[in-house]
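Pasted below: coords_28.txt, compact mmCIF, C-alpha atoms and all ligand atoms.
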```
# COMPACT_ATOMS: atom_id res chain seq x y z
CA MET A 1 -37.69 29.83 -25.06
CA PRO A 2 -36.23 28.67 -21.74
CA GLU A 3 -32.59 29.29 -21.07
CA LEU A 4 -30.64 26.03 -21.57
CA LYS A 5 -27.37 27.20 -20.05
CA PRO A 6 -28.19 26.40 -16.38
CA LEU A 7 -29.42 22.98 -17.47
CA TRP A 8 -26.15 22.44 -19.31
CA GLU A 9 -24.24 23.42 -16.18
CA ILE A 10 -26.29 21.03 -14.06
CA GLN A 11 -25.47 18.25 -16.48
CA LEU A 12 -21.76 19.15 -16.32
CA LEU A 13 -21.95 19.21 -12.54
CA ASP A 14 -23.62 15.80 -12.43
CA GLY A 15 -20.93 14.47 -14.75
CA ARG A 16 -18.24 15.86 -12.48
CA ARG A 17 -19.89 14.30 -9.48
CA ARG A 18 -19.90 10.90 -11.19
CA VAL A 19 -16.19 11.25 -11.97
CA LEU A 20 -15.38 12.26 -8.39
CA GLU A 21 -17.42 9.40 -6.95
CA ILE A 22 -15.57 6.93 -9.17
CA LYS A 23 -12.23 8.44 -8.09
CA LEU A 24 -13.27 8.09 -4.47
CA ARG A 25 -14.22 4.44 -4.92
CA GLU A 26 -11.05 3.62 -6.87
CA GLY A 27 -8.97 5.43 -4.29
CA GLN A 28 -10.33 3.25 -1.53
CA MET A 29 -8.74 0.20 -3.10
CA SER A 30 -5.58 1.86 -4.35
CA GLY A 31 -3.35 -0.92 -5.73
CA ASP A 32 -0.07 0.85 -4.99
CA LEU A 33 -0.93 1.18 -1.33
CA LYS A 34 -1.99 -2.44 -1.00
CA GLU A 35 1.18 -3.60 -2.72
CA ALA A 36 3.39 -1.48 -0.48
CA LYS A 37 1.62 -2.84 2.60
CA ASN A 38 1.98 -6.45 1.42
CA GLU A 39 5.65 -5.94 0.77
CA ILE A 40 6.18 -4.59 4.29
CA GLU A 41 4.27 -7.51 5.79
CA LYS A 42 6.30 -10.05 3.80
CA GLY A 43 9.50 -8.29 4.86
CA ARG A 44 8.43 -8.51 8.50
CA VAL A 45 7.84 -12.25 8.23
CA VAL A 46 11.36 -12.78 6.81
CA PHE A 47 12.80 -10.47 9.46
CA ASN A 48 11.07 -12.34 12.30
CA LYS A 49 12.27 -15.71 11.01
CA LEU A 50 15.83 -14.45 10.91
CA LYS A 51 15.43 -12.97 14.37
CA GLU A 52 14.26 -16.35 15.65
CA LYS A 53 17.35 -17.94 14.11
CA TYR A 54 19.49 -15.28 15.77
CA ARG A 55 17.96 -16.04 19.19
CA SER A 56 18.44 -19.77 18.75
CA LEU A 57 22.10 -19.27 17.77
CA LYS A 58 22.60 -17.12 20.84
CA ARG A 59 21.09 -19.89 22.97
CA ASP A 60 23.49 -22.40 21.36
CA LEU A 61 26.35 -20.04 22.03
CA LYS A 62 25.39 -19.72 25.68
CA ALA A 63 25.15 -23.52 26.03
CA LYS A 64 28.56 -24.01 24.41
CA GLU A 65 30.07 -21.41 26.72
CA LEU A 66 28.68 -23.30 29.72
CA ASP A 67 30.08 -26.58 28.31
CA ALA A 68 33.49 -24.97 27.85
CA THR A 69 33.47 -23.52 31.36
CA SER A 70 32.57 -26.78 33.00
CA ALA A 71 35.12 -28.74 30.91
CA THR A 72 37.80 -26.20 31.79
CA GLU A 73 36.96 -26.64 35.48
CA GLN A 74 37.24 -30.40 35.11
CA VAL A 75 40.62 -30.02 33.36
CA GLN A 76 41.80 -27.88 36.22
CA SER A 77 40.67 -30.21 39.00
CA LEU A 78 41.89 -33.37 37.26
CA GLY A 79 45.21 -31.65 36.54
CA GLU A 80 45.59 -30.71 40.18
CA LYS A 81 44.90 -34.30 41.25
CA LEU A 82 47.26 -35.73 38.66
CA TYR A 83 50.20 -33.40 39.13
CA GLY A 84 49.62 -32.77 42.82
CA GLY A 85 50.59 -36.33 43.59
CA MET A 86 47.14 -37.34 44.79
CA ILE A 87 47.05 -40.14 42.23
CA THR A 88 49.89 -42.62 42.66
CA ASN A 89 48.66 -45.78 41.00
CA ILE A 90 50.28 -46.02 37.54
CA LYS A 91 47.20 -47.41 35.89
CA GLU A 92 45.08 -44.66 37.37
CA ILE A 93 47.64 -42.05 36.29
CA ASN A 94 47.41 -43.35 32.70
CA THR A 95 43.64 -43.34 32.71
CA SER A 96 43.51 -39.84 34.19
CA SER A 97 46.09 -38.58 31.70
CA LYS A 98 44.01 -39.85 28.81
CA LYS A 99 40.91 -38.31 30.31
CA LEU A 100 42.73 -35.03 30.75
CA ASP A 101 43.88 -35.03 27.11
CA SER A 102 40.42 -35.80 25.90
CA LEU A 103 38.95 -33.04 28.10
CA LYS A 104 41.51 -30.55 26.81
CA SER A 105 40.76 -31.37 23.21
CA MET A 106 37.04 -31.10 23.97
CA VAL A 107 37.65 -27.63 25.42
CA ASN A 108 39.60 -26.67 22.29
CA ARG A 109 36.88 -27.97 20.02
CA THR A 110 34.16 -26.20 21.95
CA GLU A 111 36.12 -22.96 21.90
CA ASP A 112 36.45 -23.23 18.12
CA GLU A 113 32.73 -23.85 17.86
CA ILE A 114 32.10 -20.85 20.09
CA LEU A 115 34.20 -18.65 17.79
CA GLY A 116 32.32 -19.95 14.76
CA LEU A 117 28.97 -19.30 16.42
CA MET A 118 30.04 -15.82 17.45
CA GLU A 119 30.85 -15.03 13.83
CA ASP A 120 27.46 -16.36 12.71
CA VAL A 121 25.69 -14.36 15.41
CA GLU A 122 27.50 -11.16 14.38
CA GLU A 123 26.70 -11.76 10.72
CA ILE A 124 23.02 -12.29 11.40
CA LYS A 125 22.95 -9.31 13.70
CA ALA A 126 24.32 -7.09 10.91
CA GLU A 127 21.78 -8.56 8.47
CA LEU A 128 18.95 -7.91 10.95
CA GLU A 129 20.04 -4.31 11.38
CA LYS A 130 20.14 -3.82 7.62
CA MET A 131 16.69 -5.39 7.18
CA SER A 132 15.29 -3.35 10.02
CA ALA A 133 16.53 -0.12 8.43
CA GLU A 134 15.03 -1.13 5.08
CA LEU A 135 11.73 -2.05 6.67
CA ASN A 136 11.61 1.25 8.53
CA ALA A 137 12.27 3.16 5.32
CA LYS A 138 9.50 1.21 3.57
CA ALA A 139 7.11 1.84 6.45
CA GLU A 140 7.97 5.54 6.30
CA ASP A 141 7.25 5.56 2.54
CA TYR A 142 3.98 3.81 3.17
CA ARG A 143 2.96 6.32 5.83
CA ARG A 144 3.73 9.16 3.44
CA MET A 145 1.81 7.51 0.60
CA TYR A 146 -1.10 6.79 2.90
CA GLY A 147 -1.08 10.38 4.16
CA SER A 148 -1.27 11.83 0.66
CA HIS A 149 -3.89 9.26 -0.25
CA LEU A 150 -6.02 10.39 2.71
CA ALA A 151 -5.51 14.06 1.78
CA ASN A 152 -6.51 13.26 -1.78
CA GLN A 153 -9.65 11.44 -0.67
CA GLN A 154 -10.46 14.30 1.65
CA ASN A 155 -10.07 16.76 -1.20
CA ILE A 156 -12.46 14.73 -3.38
CA ARG A 157 -14.98 14.58 -0.54
CA GLN A 158 -14.81 18.34 -0.12
CA GLN A 159 -15.37 18.89 -3.82
CA LEU A 160 -18.32 16.50 -3.72
CA ALA A 161 -19.76 18.26 -0.68
CA GLN A 162 -19.90 21.55 -2.59
CA ILE A 163 -21.87 20.14 -5.50
CA PRO A 164 -25.39 20.03 -4.00
CA LEU A 165 -25.43 23.75 -3.21
CA GLN A 166 -24.07 24.70 -6.65
CA ARG A 167 -26.64 22.42 -8.19
CA GLN A 168 -29.48 23.89 -6.15
CA LYS A 169 -28.54 27.41 -7.22
CA LEU A 170 -28.70 26.35 -10.86
CA LEU A 171 -31.99 24.54 -10.30
CA ASP A 172 -33.49 27.67 -8.75
CA ASN A 173 -32.95 29.49 -12.04
CA LEU A 174 -34.29 26.71 -14.17
CA ASP A 175 -37.60 26.55 -15.96
CA VAL A 176 -39.70 23.87 -14.24
CA ASP A 177 -41.18 22.44 -17.44
CA LEU A 178 -37.74 22.20 -18.97
CA TRP A 179 -36.44 20.43 -15.90
CA ASN A 180 -39.30 17.91 -15.94
CA LYS A 181 -38.71 17.26 -19.62
CA TYR A 182 -35.00 16.77 -18.88
CA LEU A 183 -35.77 14.30 -16.07
CA GLU A 184 -38.06 12.39 -18.42
CA MET A 185 -35.30 12.19 -21.03
CA LYS A 186 -32.82 11.16 -18.35
CA LYS A 187 -34.56 7.76 -18.25
CA LYS A 188 -33.29 7.18 -21.74
CA TYR A 189 -30.03 9.15 -21.88
CA ASN A 190 -27.28 9.54 -19.38
CA ASP A 191 -26.70 13.01 -20.83
CA PRO A 192 -29.94 14.18 -22.47
CA LEU A 193 -28.56 17.60 -23.32
CA ALA A 194 -26.02 17.67 -26.12
CA ARG A 195 -23.81 20.59 -26.94
CA VAL A 196 -23.55 21.64 -30.55
CA GLU A 197 -20.06 22.31 -31.79
CA LYS A 198 -19.19 23.18 -35.41
CA GLY A 199 -22.62 22.09 -36.58
CA THR A 200 -22.28 18.69 -34.91
CA CYS A 201 -24.27 17.09 -32.08
CA MET A 202 -21.64 16.22 -29.47
CA GLY A 203 -23.96 13.53 -28.10
CA CYS A 204 -23.79 11.35 -31.21
CA ARG A 205 -21.19 13.17 -33.32
CA MET A 206 -23.57 13.52 -36.26
CA GLY A 207 -23.96 16.68 -38.30
CA ILE A 208 -27.03 18.78 -37.67
CA PRO A 209 -29.22 19.57 -40.68
CA PHE A 210 -29.17 23.14 -41.92
CA ASN A 211 -32.75 23.78 -40.92
CA ASP A 212 -32.22 22.64 -37.33
CA MET A 213 -29.09 24.81 -37.10
CA ARG A 214 -31.18 27.75 -38.27
CA LEU A 215 -33.80 27.06 -35.59
CA LEU A 216 -31.07 26.81 -32.94
CA LYS A 217 -29.57 30.10 -34.00
CA GLN A 218 -32.97 31.76 -34.02
CA GLY A 219 -33.36 30.53 -30.47
CA GLU A 220 -37.03 29.77 -30.79
CA GLY A 221 -38.23 26.59 -29.17
CA LEU A 222 -36.38 23.44 -28.25
CA VAL A 223 -34.49 21.62 -30.98
CA TYR A 224 -33.71 17.92 -30.80
CA CYS A 225 -31.01 15.99 -32.62
CA SER A 226 -32.64 14.26 -35.57
CA ASN A 227 -30.21 11.38 -35.14
CA CYS A 228 -29.97 10.60 -31.41
CA GLY A 229 -32.93 12.56 -30.10
CA ARG A 230 -31.00 14.55 -27.50
CA LEU A 231 -32.01 18.07 -26.72
CA LEU A 232 -29.53 20.40 -28.42
CA PHE A 233 -27.69 23.19 -26.67
CA TRP A 234 -26.03 25.75 -28.88
CA GLU A 235 -24.08 28.56 -27.29
CA ARG A 236 -23.72 31.81 -29.16
ZN ZN A 301 -27.24 13.59 -31.62
```
Go through the file and emit its structure as structure tokens.
Ligand SMILES: [Zn+2]
Amino acid sequence: MPELKPLWEIQLLDGRRRVLEIKLREGQMSGDLKEAKNEIEKGRVVFNKLKEKYRSLKRDLKAKELDATSATEQVQSLGEKLYGGMITNIKEINTSSKKLDSLKSMVNRTEDEILGLMEDVEEIKAELEKMSAELNAKAEDYRRMYGSHLANQQNIRQQLAQIPLQRQKLLDNLDVDLWNKYLEMKKKYNDPLARVEKGTCMGCRMGIPFNDMRLLKQGEGLVYCSNCGRLLFWER
């Protein structure tokens, strides 16, 4: 009777290969990685929007500063004219005085606005720095996760790469007729060879009749499960 053990090992090996191939495929679309990447991308969008706001506030600030400078210059030159005696007409003095007051209050207002804007700019700057640090930490996490994911995939590929040689070695020791019979059965069963444990066919979980158990133990000829039809493998 041909030795069933190498056939059993081939079947185990093929099962392992299927499991590894599934792991490899599942790994390629790892949900955790995708989620982490999405989160980083969303964070970047928010960060960029805030950065745009920061730039626009800084532009506003610059414009206000220019306004304040030019108004201050006007205050100075009008003041010189008014108090330097260059304007003598009473009506003109009144008009210029009013203009000067209004310019001064405009300068004050603009300076208040500038202070307010400066506070906003500082606040947003701090927020941007915080977000940037968080994003960097997330990106670092992602790189680490991705690195271990790649190593894991690589490991699976290496294990898979070893299988053909192991399989060939087993095949070399296998009875050709038995192998052909196995291949024929493979059309019907994913796992044509079933191990027998405690008098039970592990293929269908049904008990094996006493007579078949006796035949198995005698080790003469192939014995099939009377329930599922798989070839039975009983190890002493
Ligand atoms: Zn069975």
Find the nearest atom pair between each residue of chain A and ligand ZN 301 (chain A) for residues within 12 Å, count all atoms listed in the file, give distances in Å to one decimal, sort rows by chain and ascending number, and present the table as CSV.
```
residue,atom,partner,partner_atom,distance
A:Tyr189,CA,A:ZN301,ZN,11.1
A:Asp191,CA,A:ZN301,ZN,10.8
A:Pro192,CA,A:ZN301,ZN,9.6
A:Leu193,CA,A:ZN301,ZN,9.3
A:Ala194,CA,A:ZN301,ZN,7.0
A:Arg195,CA,A:ZN301,ZN,9.1
A:Val196,CA,A:ZN301,ZN,8.9
A:Glu197,CA,A:ZN301,ZN,11.3
A:Gly199,CA,A:ZN301,ZN,10.9
A:Thr200,CA,A:ZN301,ZN,7.8
A:Cys201,CA,A:ZN301,ZN,4.6
A:Met202,CA,A:ZN301,ZN,6.5
A:Gly203,CA,A:ZN301,ZN,4.8
A:Cys204,CA,A:ZN301,ZN,4.1
A:Arg205,CA,A:ZN301,ZN,6.3
A:Met206,CA,A:ZN301,ZN,5.9
A:Gly207,CA,A:ZN301,ZN,8.1
A:Ile208,CA,A:ZN301,ZN,8.0
A:Pro209,CA,A:ZN301,ZN,11.0
A:Asp212,CA,A:ZN301,ZN,11.8
A:Val223,CA,A:ZN301,ZN,10.8
A:Tyr224,CA,A:ZN301,ZN,7.8
A:Cys225,CA,A:ZN301,ZN,4.6
A:Ser226,CA,A:ZN301,ZN,6.7
A:Asn227,CA,A:ZN301,ZN,5.1
A:Cys228,CA,A:ZN301,ZN,4.1
A:Gly229,CA,A:ZN301,ZN,6.0
A:Arg230,CA,A:ZN301,ZN,5.7
A:Leu231,CA,A:ZN301,ZN,8.2
A:Leu232,CA,A:ZN301,ZN,7.9
A:Phe233,CA,A:ZN301,ZN,10.8
```
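Reported to one decimal place, the separation of CA of Glu140 in chain A from CA of Gly31 in chain A is 17.7 Å.
Note that the spacing between CA of Leu165 in chain A and CA of Ala151 in chain A amounts to 22.7 Å.
Note that the spacing between CA of Tyr142 in chain A and CA of Gly43 in chain A amounts to 13.4 Å.
Distances here use only C-alpha atoms; by that measure, the residue among A:Leu33, A:Lys5, A:Asp172, A:Asn94 closest to Trp234 in chain A is A:Lys5.
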Discussion item. Residues near Ser102 in chain A, anyone? I mean within 10 Å using all atoms listed in the file, not counting same-chain ones fewer than 6 positions away, as a PyMOL selection string.
Written reply: chain A and resi 75+96+108
Could you take the residues named above and write them with C-alpha atoms, as an mmCIF file, keeping the file's coordinate frame?
```cif
data_model
loop_
_atom_site.group_PDB
_atom_site.id
_atom_site.type_symbol
_atom_site.label_atom_id
_atom_site.label_comp_id
_atom_site.auth_asym_id
_atom_site.auth_seq_id
_atom_site.Cartn_x
_atom_site.Cartn_y
_atom_site.Cartn_z
ATOM 1 C CA VAL A 75 40.620 -30.020 33.360
ATOM 2 C CA SER A 96 43.510 -39.840 34.190
ATOM 3 C CA ASN A 108 39.600 -26.670 22.290
#
```
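Residues with any atom within 12 Å of Lys62 in chain A, counting all atoms listed in the file and excluding same-chain neighbours fewer than 3 positions away, are A:Arg55, A:Ser56, A:Leu57, A:Lys58, A:Arg59, A:Glu65, A:Leu66, A:Asp67, A:Ala68, A:Thr69, A:Thr110, A:Glu111, A:Glu113, A:Ile114, A:Leu115, A:Leu117, A:Met118, A:Val121.
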Fill in: A:Met145, A:Ala63, A:Leu160, A:Ala139 ranked by distance to Leu13 in chain A, top pick (using only C-alpha atoms)
A:Leu160
Residue neighbourhood Arg167 in chain A, 10 Å, only C-alpha atoms, exclusion window fewer than 2 positions, as an mmCIF file with C-alpha atoms, in the frame of the given file:
```cif
data_model
loop_
_atom_site.group_PDB
_atom_site.id
_atom_site.type_symbol
_atom_site.label_atom_id
_atom_site.label_comp_id
_atom_site.auth_asym_id
_atom_site.auth_seq_id
_atom_site.Cartn_x
_atom_site.Cartn_y
_atom_site.Cartn_z
ATOM 1 C CA PRO A 6 -28.190 26.400 -16.380
ATOM 2 C CA LEU A 7 -29.420 22.980 -17.470
ATOM 3 C CA GLU A 9 -24.240 23.420 -16.180
ATOM 4 C CA ILE A 10 -26.290 21.030 -14.060
ATOM 5 C CA GLN A 11 -25.470 18.250 -16.480
ATOM 6 C CA LEU A 13 -21.950 19.210 -12.540
ATOM 7 C CA ASP A 14 -23.620 15.800 -12.430
ATOM 8 C CA GLN A 162 -19.900 21.550 -2.590
ATOM 9 C CA ILE A 163 -21.870 20.140 -5.500
ATOM 10 C CA PRO A 164 -25.390 20.030 -4.000
ATOM 11 C CA LEU A 165 -25.430 23.750 -3.210
ATOM 12 C CA LYS A 169 -28.540 27.410 -7.220
ATOM 13 C CA LEU A 170 -28.700 26.350 -10.860
ATOM 14 C CA LEU A 171 -31.990 24.540 -10.300
ATOM 15 C CA ASP A 172 -33.490 27.670 -8.750
#
```
Worksheet, complete the sentence: Judged by all atoms listed in the file, the minimum distance to Asn136 in chain A among A:Val19, A:Ile40, A:Val46, A:Leu61 is found for A:Ile40
Worksheet entry | Non-local contacts of Leu178 in chain A (12 Å; all atoms listed in the file; under 2 positions in same chain excluded) as JSON, numbers by chain | {"A": [1, 2, 3, 4, 5, 6, 7, 8, 171, 173, 174, 175, 176, 180, 181, 182, 183, 184, 185, 192, 193, 221, 222, 231]}
Worksheet entry | Option closest in space to Glu119 in chain A, from A:Tyr54, A:Ser77, A:Gln153, A:Thr88 [counting all atoms listed in the file] | A:Tyr54
Starting from the incomplete input, reconstruct N, CA and C atoms of range 183-201 of chain A and report them as a PDB file, keeping the file's coordinate frame.
```pdb
ATOM      1  N   LEU A 183     -35.717  15.490 -16.931  1.00  0.00           N
ATOM      2  CA  LEU A 183     -35.770  14.300 -16.070  1.00  0.00           C
ATOM      3  C   LEU A 183     -36.399  13.129 -16.822  1.00  0.00           C
ATOM      4  N   GLU A 184     -37.398  13.434 -17.625  1.00  0.00           N
ATOM      5  CA  GLU A 184     -38.060  12.390 -18.420  1.00  0.00           C
ATOM      6  C   GLU A 184     -37.052  11.770 -19.400  1.00  0.00           C
ATOM      7  N   MET A 185     -36.300  12.658 -20.056  1.00  0.00           N
ATOM      8  CA  MET A 185     -35.300  12.190 -21.030  1.00  0.00           C
ATOM      9  C   MET A 185     -34.161  11.426 -20.362  1.00  0.00           C
ATOM     10  N   LYS A 186     -33.929  11.762 -19.117  1.00  0.00           N
ATOM     11  CA  LYS A 186     -32.820  11.160 -18.350  1.00  0.00           C
ATOM     12  C   LYS A 186     -33.013   9.634 -18.218  1.00  0.00           C
ATOM     13  N   LYS A 187     -34.297   9.206 -18.332  1.00  0.00           N
ATOM     14  CA  LYS A 187     -34.560   7.760 -18.250  1.00  0.00           C
ATOM     15  C   LYS A 187     -33.933   7.042 -19.449  1.00  0.00           C
ATOM     16  N   LYS A 188     -33.789   7.796 -20.521  1.00  0.00           N
ATOM     17  CA  LYS A 188     -33.290   7.180 -21.740  1.00  0.00           C
ATOM     18  C   LYS A 188     -31.810   7.495 -21.969  1.00  0.00           C
ATOM     19  N   TYR A 189     -31.420   8.718 -21.631  1.00  0.00           N
ATOM     20  CA  TYR A 189     -30.030   9.150 -21.880  1.00  0.00           C
ATOM     21  C   TYR A 189     -29.349   9.477 -20.558  1.00  0.00           C
ATOM     22  N   ASN A 190     -28.108   9.140 -20.517  1.00  0.00           N
ATOM     23  CA  ASN A 190     -27.280   9.540 -19.380  1.00  0.00           C
ATOM     24  C   ASN A 190     -27.078  11.058 -19.399  1.00  0.00           C
ATOM     25  N   ASP A 191     -26.922  11.567 -20.632  1.00  0.00           N
ATOM     26  CA  ASP A 191     -26.700  13.010 -20.830  1.00  0.00           C
ATOM     27  C   ASP A 191     -27.679  13.515 -21.893  1.00  0.00           C
ATOM     28  N   PRO A 192     -28.902  13.836 -21.483  1.00  0.00           N
ATOM     29  CA  PRO A 192     -29.940  14.180 -22.470  1.00  0.00           C
ATOM     30  C   PRO A 192     -29.656  15.472 -23.238  1.00  0.00           C
ATOM     31  N   LEU A 193     -28.836  16.337 -22.653  1.00  0.00           N
ATOM     32  CA  LEU A 193     -28.560  17.600 -23.320  1.00  0.00           C
ATOM     33  C   LEU A 193     -27.230  17.479 -24.048  1.00  0.00           C
ATOM     34  N   ALA A 194     -27.257  17.792 -25.355  1.00  0.00           N
ATOM     35  CA  ALA A 194     -26.020  17.670 -26.120  1.00  0.00           C
ATOM     36  C   ALA A 194     -25.599  19.036 -26.637  1.00  0.00           C
ATOM     37  N   ARG A 195     -24.342  19.321 -26.456  1.00  0.00           N
ATOM     38  CA  ARG A 195     -23.810  20.590 -26.940  1.00  0.00           C
ATOM     39  C   ARG A 195     -23.601  20.492 -28.456  1.00  0.00           C
ATOM     40  N   VAL A 196     -23.795  21.617 -29.101  1.00  0.00           N
ATOM     41  CA  VAL A 196     -23.550  21.640 -30.550  1.00  0.00           C
ATOM     42  C   VAL A 196     -22.244  22.372 -30.805  1.00  0.00           C
ATOM     43  N   GLU A 197     -21.340  21.680 -31.451  1.00  0.00           N
ATOM     44  CA  GLU A 197     -20.060  22.310 -31.790  1.00  0.00           C
ATOM     45  C   GLU A 197     -19.788  22.112 -33.270  1.00  0.00           C
ATOM     46  N   LYS A 198     -19.476  23.217 -33.962  1.00  0.00           N
ATOM     47  CA  LYS A 198     -19.190  23.180 -35.410  1.00  0.00           C
ATOM     48  C   LYS A 198     -20.262  22.399 -36.178  1.00  0.00           C
ATOM     49  N   GLY A 199     -21.511  22.712 -35.852  1.00  0.00           N
ATOM     50  CA  GLY A 199     -22.620  22.090 -36.580  1.00  0.00           C
ATOM     51  C   GLY A 199     -22.798  20.613 -36.315  1.00  0.00           C
ATOM     52  N   THR A 200     -22.201  20.119 -35.217  1.00  0.00           N
ATOM     53  CA  THR A 200     -22.280  18.690 -34.910  1.00  0.00           C
ATOM     54  C   THR A 200     -22.881  18.485 -33.523  1.00  0.00           C
ATOM     55  N   CYS A 201     -23.732  17.463 -33.388  1.00  0.00           N
ATOM     56  CA  CYS A 201     -24.270  17.090 -32.080  1.00  0.00           C
ATOM     57  C   CYS A 201     -23.171  16.333 -31.338  1.00  0.00           C
TER      58      CYS A 201
END
```
